[in-house]
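This report concerns only the one structure given below.
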Amino acid sequence: MDTKKKHRVCPVEEAGMLDHPLRRLYESPKRILSSFVGAGMDVLDIGCGPGFFTLEMARRVGAAGRVTAVDLQQGMLVKARAKLERAGLADKVTFHPCRADAIGLAGAFDFILVFHVLHEVPDPAGFLRELKGLLKAGGRALLAEPGFHVSRGEFQGSLELAKRAGLEIGPGPRIRFSRTAVLRGTSDESMGNAARN
Ligand SMILES: C[S@@+](CC[C@H](N)C(=O)[O-])C[C@H]1O[C@@H](n2cnc3c(N)ncnc32)[C@H](O)[C@@H]1O
């Protein structure tokens with residue numbers, strides 16, 4: 001596949017598909033996030049799009065927690081903010097525009113979501129190094145890539161880059177049509193290398 005097609009950024013015009021109610025049937029934010037996000041956590045949604053997962057993250061962190069939603073496209077952040085405003089939760093979220101080659105945040109997060117984003121990033125190795133620097137000790141990131149765009153071999157290649165960035169790789173949850181892995185920034189626990197792909 002040519003590189004341009006591979007790194008095609010999902011346009012704002014397709015945001016409606018990302019936020020379609022039917023999506024909850026096979027990628028339920030509640031189910032996916034329940035074992036990762038809890039009350040009081042500081043969490044990051046990188047490549048948040050129109051906020052499909054951001055809303056559930058804001059609900060789950062509660063009064064003491066905080067969500068940062070990052071996207072390359074201002075149009076996606078506008079949609080995400082509007083969604084959170086409709087739910088009365090926009091004040092729980094910091095909306096951060098980033099560049100394709102830099103997330104550009106400081107801080108340490110308990111949990112980072114990278115859902116169907118990495119294949120759009122032009123420098124995944126640099127992105128994963130930056131992501132590692134944003135994880136708290138013991139923090140986790142959920143990496144999910146769409147199985148229909150990203151082959152098993154390509155996903156394994158991304159996990160190799162994650163390892164080289166100093167992240168530990170563990171199995172991700174089963175999500176239909178996705179390849180998943182959990183990444184950790186510390187080596188305090190042996191996680192094996194059984195990502196779901
Ligand atoms: C396929 S959409 C997925 C959106 C959301 N994670 C979801 O699952 O609904 C990919 C999103 O990643 C954003 N994106 C692409 N490259 C990015 C980068 N380098 N840094 C941050 N966001 C990026 C796009 O603008 C788009 O909103």
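Ordering of the structure tokens sets the chain letters (A, B, ...), residue numbers begin anew at 1 in every chain, and ligands are numbered from 1 in the order given.
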Kindly provide the residues of chain A that approach ligand 1 to within 9 Å, each paired with its closest atom pair and their distance in Å to one decimal, based on only C-alpha atoms and all ligand atoms, listed by chain and increasing number, as CSV.
residue,atom,partner,partner_atom_place_in_ligand_line,distance
A:His7,CA,ligand 1,16 (N),8.0
A:Arg8,CA,ligand 1,15 (C),8.1
A:Val9,CA,ligand 1,15 (C),5.2
A:Cys10,CA,ligand 1,26 (C),5.2
A:Pro11,CA,ligand 1,25 (O),6.8
A:Val12,CA,ligand 1,27 (O),7.2
A:Glu14,CA,ligand 1,2 (S),8.8
A:Ala15,CA,ligand 1,27 (O),7.7
A:Met17,CA,ligand 1,9 (O),8.7
A:Leu18,CA,ligand 1,9 (O),4.9
A:Asp19,CA,ligand 1,9 (O),6.5
A:Glu27,CA,ligand 1,8 (O),8.8
A:Asp45,CA,ligand 1,6 (N),7.3
A:Ile46,CA,ligand 1,21 (C),5.6
A:Gly47,CA,ligand 1,22 (N),3.5
A:Cys48,CA,ligand 1,6 (N),4.4
A:Gly49,CA,ligand 1,27 (O),3.4
A:Pro50,CA,ligand 1,9 (O),6.5
A:Gly51,CA,ligand 1,9 (O),6.4
A:Phe52,CA,ligand 1,9 (O),4.9
A:Phe53,CA,ligand 1,9 (O),6.4
A:Thr54,CA,ligand 1,5 (C),8.6
A:Val70,CA,ligand 1,21 (C),6.0
A:Asp71,CA,ligand 1,22 (N),4.0
A:Leu72,CA,ligand 1,22 (N),4.3
A:Gln73,CA,ligand 1,25 (O),4.8
A:Gln74,CA,ligand 1,25 (O),8.2
A:Gly75,CA,ligand 1,25 (O),8.5
A:Met76,CA,ligand 1,27 (O),5.7
A:Leu77,CA,ligand 1,27 (O),8.2
A:Pro97,CA,ligand 1,21 (C),7.9
A:Cys98,CA,ligand 1,21 (C),6.0
A:Arg99,CA,ligand 1,20 (N),6.2
A:Ala100,CA,ligand 1,19 (N),3.6
A:Asp101,CA,ligand 1,19 (N),5.8
A:Ala102,CA,ligand 1,19 (N),6.9
A:Ile103,CA,ligand 1,20 (N),6.1
A:Leu113,CA,ligand 1,6 (N),7.7
A:Val114,CA,ligand 1,6 (N),6.3
A:Phe115,CA,ligand 1,6 (N),4.4
A:His116,CA,ligand 1,3 (C),5.0
A:Val117,CA,ligand 1,10 (C),4.5
A:Leu118,CA,ligand 1,16 (N),7.1
A:His119,CA,ligand 1,16 (N),8.0
A:Glu120,CA,ligand 1,16 (N),4.8
A:Val121,CA,ligand 1,19 (N),4.4
A:Pro122,CA,ligand 1,19 (N),6.8
A:Asp123,CA,ligand 1,19 (N),8.0
A:Pro124,CA,ligand 1,19 (N),8.4
A:Phe127,CA,ligand 1,19 (N),7.5
A:Ala144,CA,ligand 1,8 (O),8.7
A:Pro146,CA,ligand 1,1 (C),8.6
Taking N, CA and C atoms for each residue, export the selection above as a short mmCIF file (atom, residue, chain, number, x, y, z; two decimals), in the first residue's frame.
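The result, stored in part.cif:
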data_model
loop_
_atom_site.label_atom_id
_atom_site.label_comp_id
_atom_site.auth_asym_id
_atom_site.auth_seq_id
_atom_site.Cartn_x
_atom_site.Cartn_y
_atom_site.Cartn_z
N HIS A 7 -1.19 6.51 5.65
CA HIS A 7 -1.24 7.51 6.71
C HIS A 7 -2.37 8.51 6.51
N ARG A 8 -3.37 8.16 5.69
CA ARG A 8 -4.49 9.07 5.45
C ARG A 8 -5.15 9.40 6.79
N VAL A 9 -5.29 10.69 7.04
CA VAL A 9 -5.94 11.12 8.28
C VAL A 9 -7.45 11.14 8.05
N CYS A 10 -8.18 10.51 8.94
CA CYS A 10 -9.64 10.44 8.83
C CYS A 10 -10.21 11.87 8.84
N PRO A 11 -10.86 12.29 7.75
CA PRO A 11 -11.28 13.70 7.68
C PRO A 11 -12.47 14.01 8.60
N VAL A 12 -12.59 15.28 8.93
CA VAL A 12 -13.67 15.72 9.83
C VAL A 12 -15.04 15.37 9.24
N GLU A 14 -15.92 12.75 8.05
CA GLU A 14 -16.29 11.37 8.42
C GLU A 14 -16.52 11.21 9.92
N ALA A 15 -16.56 12.33 10.63
CA ALA A 15 -16.73 12.27 12.09
C ALA A 15 -18.06 11.61 12.48
N MET A 17 -19.48 9.08 11.21
CA MET A 17 -19.33 7.62 11.26
C MET A 17 -18.64 7.20 12.55
N LEU A 18 -17.66 8.01 12.97
CA LEU A 18 -16.91 7.68 14.20
C LEU A 18 -17.80 7.78 15.43
N ASP A 19 -18.79 8.66 15.35
CA ASP A 19 -19.65 8.89 16.51
C ASP A 19 -21.04 8.29 16.31
N GLU A 27 -18.04 -1.57 19.65
CA GLU A 27 -16.91 -0.89 20.30
C GLU A 27 -17.46 -0.06 21.46
N ASP A 45 -6.78 11.04 25.91
CA ASP A 45 -7.36 10.42 24.71
C ASP A 45 -6.66 11.05 23.51
N ILE A 46 -5.68 10.31 22.93
CA ILE A 46 -4.91 10.87 21.81
C ILE A 46 -5.58 10.49 20.50
N GLY A 47 -5.85 11.50 19.68
CA GLY A 47 -6.59 11.25 18.43
C GLY A 47 -8.05 11.02 18.78
N CYS A 48 -8.59 11.94 19.57
CA CYS A 48 -9.93 11.75 20.17
C CYS A 48 -11.05 11.79 19.13
N GLY A 49 -10.78 12.38 17.94
CA GLY A 49 -11.86 12.52 16.96
C GLY A 49 -13.01 13.30 17.56
N PRO A 50 -14.25 12.92 17.23
CA PRO A 50 -15.41 13.67 17.74
C PRO A 50 -15.81 13.32 19.17
N GLY A 51 -14.95 12.56 19.87
CA GLY A 51 -15.18 12.36 21.31
C GLY A 51 -15.94 11.09 21.66
N PHE A 52 -15.96 10.12 20.74
CA PHE A 52 -16.70 8.87 20.98
C PHE A 52 -16.28 8.23 22.32
N PHE A 53 -14.96 8.17 22.58
CA PHE A 53 -14.49 7.59 23.85
C PHE A 53 -14.31 8.66 24.93
N THR A 54 -14.07 9.91 24.51
CA THR A 54 -13.79 10.98 25.49
C THR A 54 -14.94 11.13 26.49
N VAL A 70 -6.82 15.09 22.77
CA VAL A 70 -5.86 15.65 21.82
C VAL A 70 -6.26 15.25 20.41
N ASP A 71 -6.17 16.16 19.50
CA ASP A 71 -6.32 15.79 18.09
C ASP A 71 -5.54 16.76 17.21
N LEU A 72 -5.18 16.20 16.06
CA LEU A 72 -4.47 16.94 15.03
C LEU A 72 -5.39 17.98 14.38
N GLN A 73 -6.67 17.63 14.27
CA GLN A 73 -7.61 18.46 13.52
C GLN A 73 -8.51 19.27 14.47
N GLN A 74 -8.44 20.58 14.29
CA GLN A 74 -9.25 21.48 15.11
C GLN A 74 -10.74 21.12 14.98
N GLY A 75 -11.16 20.74 13.76
CA GLY A 75 -12.57 20.40 13.52
C GLY A 75 -13.03 19.25 14.39
N MET A 76 -12.15 18.28 14.63
CA MET A 76 -12.51 17.14 15.50
C MET A 76 -12.65 17.63 16.94
N LEU A 77 -11.73 18.51 17.36
CA LEU A 77 -11.80 19.01 18.74
C LEU A 77 -13.07 19.83 18.97
N PRO A 97 -4.94 20.88 20.76
CA PRO A 97 -4.57 20.62 19.36
C PRO A 97 -3.09 20.26 19.27
N CYS A 98 -2.78 19.23 18.49
CA CYS A 98 -1.37 18.82 18.39
C CYS A 98 -0.90 18.88 16.94
N ARG A 99 0.39 18.61 16.74
CA ARG A 99 0.93 18.52 15.39
C ARG A 99 1.05 17.04 15.02
N ALA A 100 1.17 16.76 13.73
CA ALA A 100 1.29 15.36 13.29
C ALA A 100 2.54 14.72 13.88
N ASP A 101 3.60 15.51 14.08
CA ASP A 101 4.85 14.93 14.55
C ASP A 101 5.14 15.20 16.03
N ALA A 102 4.17 15.74 16.76
CA ALA A 102 4.39 15.98 18.19
C ALA A 102 3.06 16.12 18.93
N ILE A 103 2.92 15.34 20.00
CA ILE A 103 1.71 15.47 20.83
C ILE A 103 1.79 16.80 21.59
N LEU A 113 -5.39 6.48 25.89
CA LEU A 113 -6.09 5.74 24.84
C LEU A 113 -5.57 6.18 23.48
N VAL A 114 -5.22 5.19 22.66
CA VAL A 114 -4.78 5.47 21.27
C VAL A 114 -5.60 4.54 20.39
N PHE A 115 -6.81 4.97 20.06
CA PHE A 115 -7.77 4.09 19.41
C PHE A 115 -7.89 4.43 17.93
N HIS A 116 -7.41 3.51 17.10
CA HIS A 116 -7.46 3.66 15.63
C HIS A 116 -6.77 4.94 15.15
N VAL A 117 -5.63 5.22 15.75
CA VAL A 117 -4.90 6.46 15.45
C VAL A 117 -3.49 6.18 14.90
N LEU A 118 -2.80 5.19 15.47
CA LEU A 118 -1.37 5.04 15.19
C LEU A 118 -1.06 4.90 13.69
N HIS A 119 -1.94 4.20 12.96
CA HIS A 119 -1.66 4.01 11.52
C HIS A 119 -1.77 5.33 10.74
N GLU A 120 -2.32 6.36 11.36
CA GLU A 120 -2.41 7.67 10.70
C GLU A 120 -1.20 8.56 11.01
N VAL A 121 -0.39 8.12 11.96
CA VAL A 121 0.73 8.94 12.44
C VAL A 121 1.95 8.73 11.53
N PRO A 122 2.54 9.79 11.00
CA PRO A 122 3.65 9.62 10.06
C PRO A 122 4.94 9.06 10.69
N ASP A 123 5.17 9.35 11.98
CA ASP A 123 6.37 8.85 12.65
C ASP A 123 5.97 8.08 13.92
N PRO A 124 5.50 6.81 13.73
CA PRO A 124 5.02 6.07 14.90
C PRO A 124 6.10 5.85 15.96
N PHE A 127 6.26 8.99 17.95
CA PHE A 127 4.99 9.10 18.68
C PHE A 127 5.03 8.20 19.93
N ALA A 144 -5.24 0.35 20.08
CA ALA A 144 -6.14 -0.44 19.23
C ALA A 144 -6.00 0.06 17.81
N PRO A 146 -7.37 -0.70 13.63
CA PRO A 146 -8.42 -1.39 12.88
C PRO A 146 -7.85 -2.55 12.07
#
Practice task
Could you pull out the residues in range 122-164 of chain A that DSSP calls alpha helix (DSSP H) from the backbone, as a VMD selection string?
Solution key: chain A and resid 124 to 134 152 to 164
Exercise for the section: Choose the residue, out of A:Arg86, A:His149, A:Arg184, A:Arg31, that has the smallest atom-to-atom separation from Ile169 in chain A; count only C-alpha atoms. Expected result: A:Arg184
Problem - Residue nearest Arg66 in chain A among A:Ile32, A:Ala108, A:Val150, A:Ala87 (counting only C-alpha atoms) - result: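 So, comparing all the options, the nearest one is A:Ala108.
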Handout entry: Minimum-distance residue to Ala106 in chain A, chosen among A:Leu135, A:Val78, A:Val67, A:Leu161 (using only C-alpha atoms)
Key =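 Smallest separation from Ala106 in chain A among the options: A:Leu135.
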Practice task
Enumerate as a PyMOL selection string all residues of chain A assigned to strand (DSSP E) by DSSP on the backbone, naming them with the chain letters and numbers the document uses.
Solution key: chain A and resi 42-46+66-71+93-97+109-115+135-146+168-171+178-184
Using the selection just defined, write its residues with N, CA and C atoms as a tab-separated table (two decimals), in the first residue's frame.
chain	number	residue	atom	x	y	z
A	42	ASP	N	-6.17	10.65	35.97
A	42	ASP	CA	-5.80	11.67	35.01
A	42	ASP	C	-5.56	10.91	33.69
A	43	VAL	N	-6.43	11.11	32.69
A	43	VAL	CA	-6.37	10.26	31.50
A	43	VAL	C	-6.29	11.09	30.22
A	44	LEU	N	-5.76	10.44	29.20
A	44	LEU	CA	-5.48	11.14	27.94
A	44	LEU	C	-6.06	10.34	26.78
A	45	ASP	N	-6.78	11.04	25.91
A	45	ASP	CA	-7.36	10.42	24.71
A	45	ASP	C	-6.66	11.05	23.51
A	46	ILE	N	-5.68	10.31	22.93
A	46	ILE	CA	-4.91	10.87	21.81
A	46	ILE	C	-5.58	10.49	20.50
A	66	ARG	N	-9.50	13.94	35.65
A	66	ARG	CA	-9.32	14.92	34.57
A	66	ARG	C	-9.06	14.18	33.26
A	67	VAL	N	-9.61	14.71	32.17
A	67	VAL	CA	-9.39	14.13	30.84
A	67	VAL	C	-8.71	15.17	29.97
A	68	THR	N	-7.71	14.73	29.19
A	68	THR	CA	-7.14	15.58	28.15
A	68	THR	C	-7.44	14.92	26.82
A	69	ALA	N	-8.05	15.67	25.92
A	69	ALA	CA	-8.41	15.15	24.59
A	69	ALA	C	-7.56	15.88	23.56
A	70	VAL	N	-6.82	15.09	22.77
A	70	VAL	CA	-5.86	15.65	21.82
A	70	VAL	C	-6.26	15.25	20.41
A	71	ASP	N	-6.17	16.16	19.50
A	71	ASP	CA	-6.32	15.79	18.09
A	71	ASP	C	-5.54	16.76	17.21
A	93	VAL	N	-12.72	18.37	30.77
A	93	VAL	CA	-11.81	18.02	29.67
A	93	VAL	C	-10.99	19.22	29.21
A	94	THR	N	-9.69	18.98	29.01
A	94	THR	CA	-8.83	19.96	28.35
A	94	THR	C	-8.70	19.52	26.90
A	95	PHE	N	-9.01	20.39	25.95
A	95	PHE	CA	-8.92	20.05	24.53
A	95	PHE	C	-7.61	20.62	23.99
A	96	HIS	N	-6.77	19.74	23.44
A	96	HIS	CA	-5.42	20.15	23.06
A	96	HIS	C	-5.15	19.84	21.58
A	97	PRO	N	-4.94	20.88	20.76
A	97	PRO	CA	-4.57	20.62	19.36
A	97	PRO	C	-3.09	20.26	19.27
A	109	PHE	N	0.24	10.67	32.94
A	109	PHE	CA	-1.14	10.20	32.92
A	109	PHE	C	-1.24	8.76	33.44
A	110	ASP	N	-2.39	8.47	34.07
A	110	ASP	CA	-2.65	7.12	34.56
A	110	ASP	C	-3.02	6.18	33.41
A	111	PHE	N	-3.67	6.77	32.40
A	111	PHE	CA	-4.15	5.94	31.29
A	111	PHE	C	-4.16	6.78	30.01
A	112	ILE	N	-3.73	6.14	28.92
A	112	ILE	CA	-3.74	6.82	27.62
A	112	ILE	C	-4.45	5.92	26.61
A	113	LEU	N	-5.39	6.48	25.89
A	113	LEU	CA	-6.09	5.74	24.84
A	113	LEU	C	-5.57	6.18	23.48
A	114	VAL	N	-5.22	5.19	22.66
A	114	VAL	CA	-4.78	5.47	21.27
A	114	VAL	C	-5.60	4.54	20.39
A	115	PHE	N	-6.81	4.97	20.06
A	115	PHE	CA	-7.77	4.09	19.41
A	115	PHE	C	-7.89	4.43	17.93
A	135	LEU	N	3.37	8.60	30.27
A	135	LEU	CA	2.75	7.62	31.17
A	135	LEU	C	3.35	7.73	32.56
A	136	LYS	N	2.49	7.72	33.56
A	136	LYS	CA	2.95	7.64	34.95
A	136	LYS	C	3.60	6.28	35.17
A	137	ALA	N	4.46	6.16	36.15
A	137	ALA	CA	4.98	4.83	36.52
A	137	ALA	C	3.77	3.96	36.86
A	138	GLY	N	3.68	2.82	36.23
A	138	GLY	CA	2.55	1.93	36.48
A	138	GLY	C	1.33	2.26	35.63
A	139	GLY	N	1.41	3.35	34.87
A	139	GLY	CA	0.28	3.72	34.01
A	139	GLY	C	0.19	2.82	32.80
A	140	ARG	N	-0.97	2.79	32.18
A	140	ARG	CA	-1.17	1.90	31.02
A	140	ARG	C	-1.73	2.68	29.84
A	141	ALA	N	-1.37	2.19	28.65
A	141	ALA	CA	-1.98	2.74	27.43
A	141	ALA	C	-2.66	1.60	26.69
A	142	LEU	N	-3.83	1.87	26.17
A	142	LEU	CA	-4.51	0.88	25.31
A	142	LEU	C	-4.30	1.31	23.87
A	143	LEU	N	-3.64	0.42	23.12
A	143	LEU	CA	-3.45	0.65	21.69
A	143	LEU	C	-4.41	-0.26	20.93
A	144	ALA	N	-5.24	0.35	20.08
A	144	ALA	CA	-6.14	-0.44	19.23
A	144	ALA	C	-6.00	0.06	17.81
A	145	GLU	N	-5.87	-0.88	16.89
A	145	GLU	CA	-5.76	-0.53	15.48
A	145	GLU	C	-6.83	-1.30	14.70
A	146	PRO	N	-7.37	-0.70	13.63
A	146	PRO	CA	-8.42	-1.39	12.88
A	146	PRO	C	-7.85	-2.55	12.07
A	168	GLU	N	6.49	-1.82	27.76
A	168	GLU	CA	6.24	-3.25	27.88
A	168	GLU	C	4.91	-3.55	27.21
A	169	ILE	N	4.83	-4.71	26.58
A	169	ILE	CA	3.64	-5.04	25.79
A	169	ILE	C	2.88	-6.16	26.47
A	170	GLY	N	1.60	-5.98	26.65
A	170	GLY	CA	0.76	-7.04	27.19
A	170	GLY	C	-0.48	-7.20	26.33
A	171	PRO	N	-1.25	-8.25	26.59
A	171	PRO	CA	-2.45	-8.51	25.79
A	171	PRO	C	-3.50	-7.42	26.01
A	178	SER	N	-10.69	-5.23	15.74
A	178	SER	CA	-9.50	-4.47	16.11
A	178	SER	C	-8.36	-5.39	16.55
A	179	ARG	N	-7.16	-4.90	16.40
A	179	ARG	CA	-5.98	-5.54	17.00
A	179	ARG	C	-5.61	-4.67	18.20
A	180	THR	N	-5.35	-5.28	19.33
A	180	THR	CA	-5.18	-4.49	20.54
A	180	THR	C	-3.96	-4.94	21.35
A	181	ALA	N	-3.42	-4.03	22.10
A	181	ALA	CA	-2.36	-4.36	23.06
A	181	ALA	C	-2.40	-3.32	24.18
A	182	VAL	N	-1.89	-3.75	25.35
A	182	VAL	CA	-1.73	-2.81	26.46
A	182	VAL	C	-0.25	-2.51	26.61
A	183	LEU	N	0.08	-1.23	26.69
A	183	LEU	CA	1.47	-0.80	26.80
A	183	LEU	C	1.69	-0.21	28.20
A	184	ARG	N	2.84	-0.54	28.75
A	184	ARG	CA	3.18	-0.01	30.08
A	184	ARG	C	4.55	0.63	30.04
Handout entry: Neighbour list for Lys132 in chain A as an NGL selection string, cut-off 8 Å, only C-alpha atoms, skip fewer than 6 positions in-chain
Key = :A and (165-167 or 184-185)
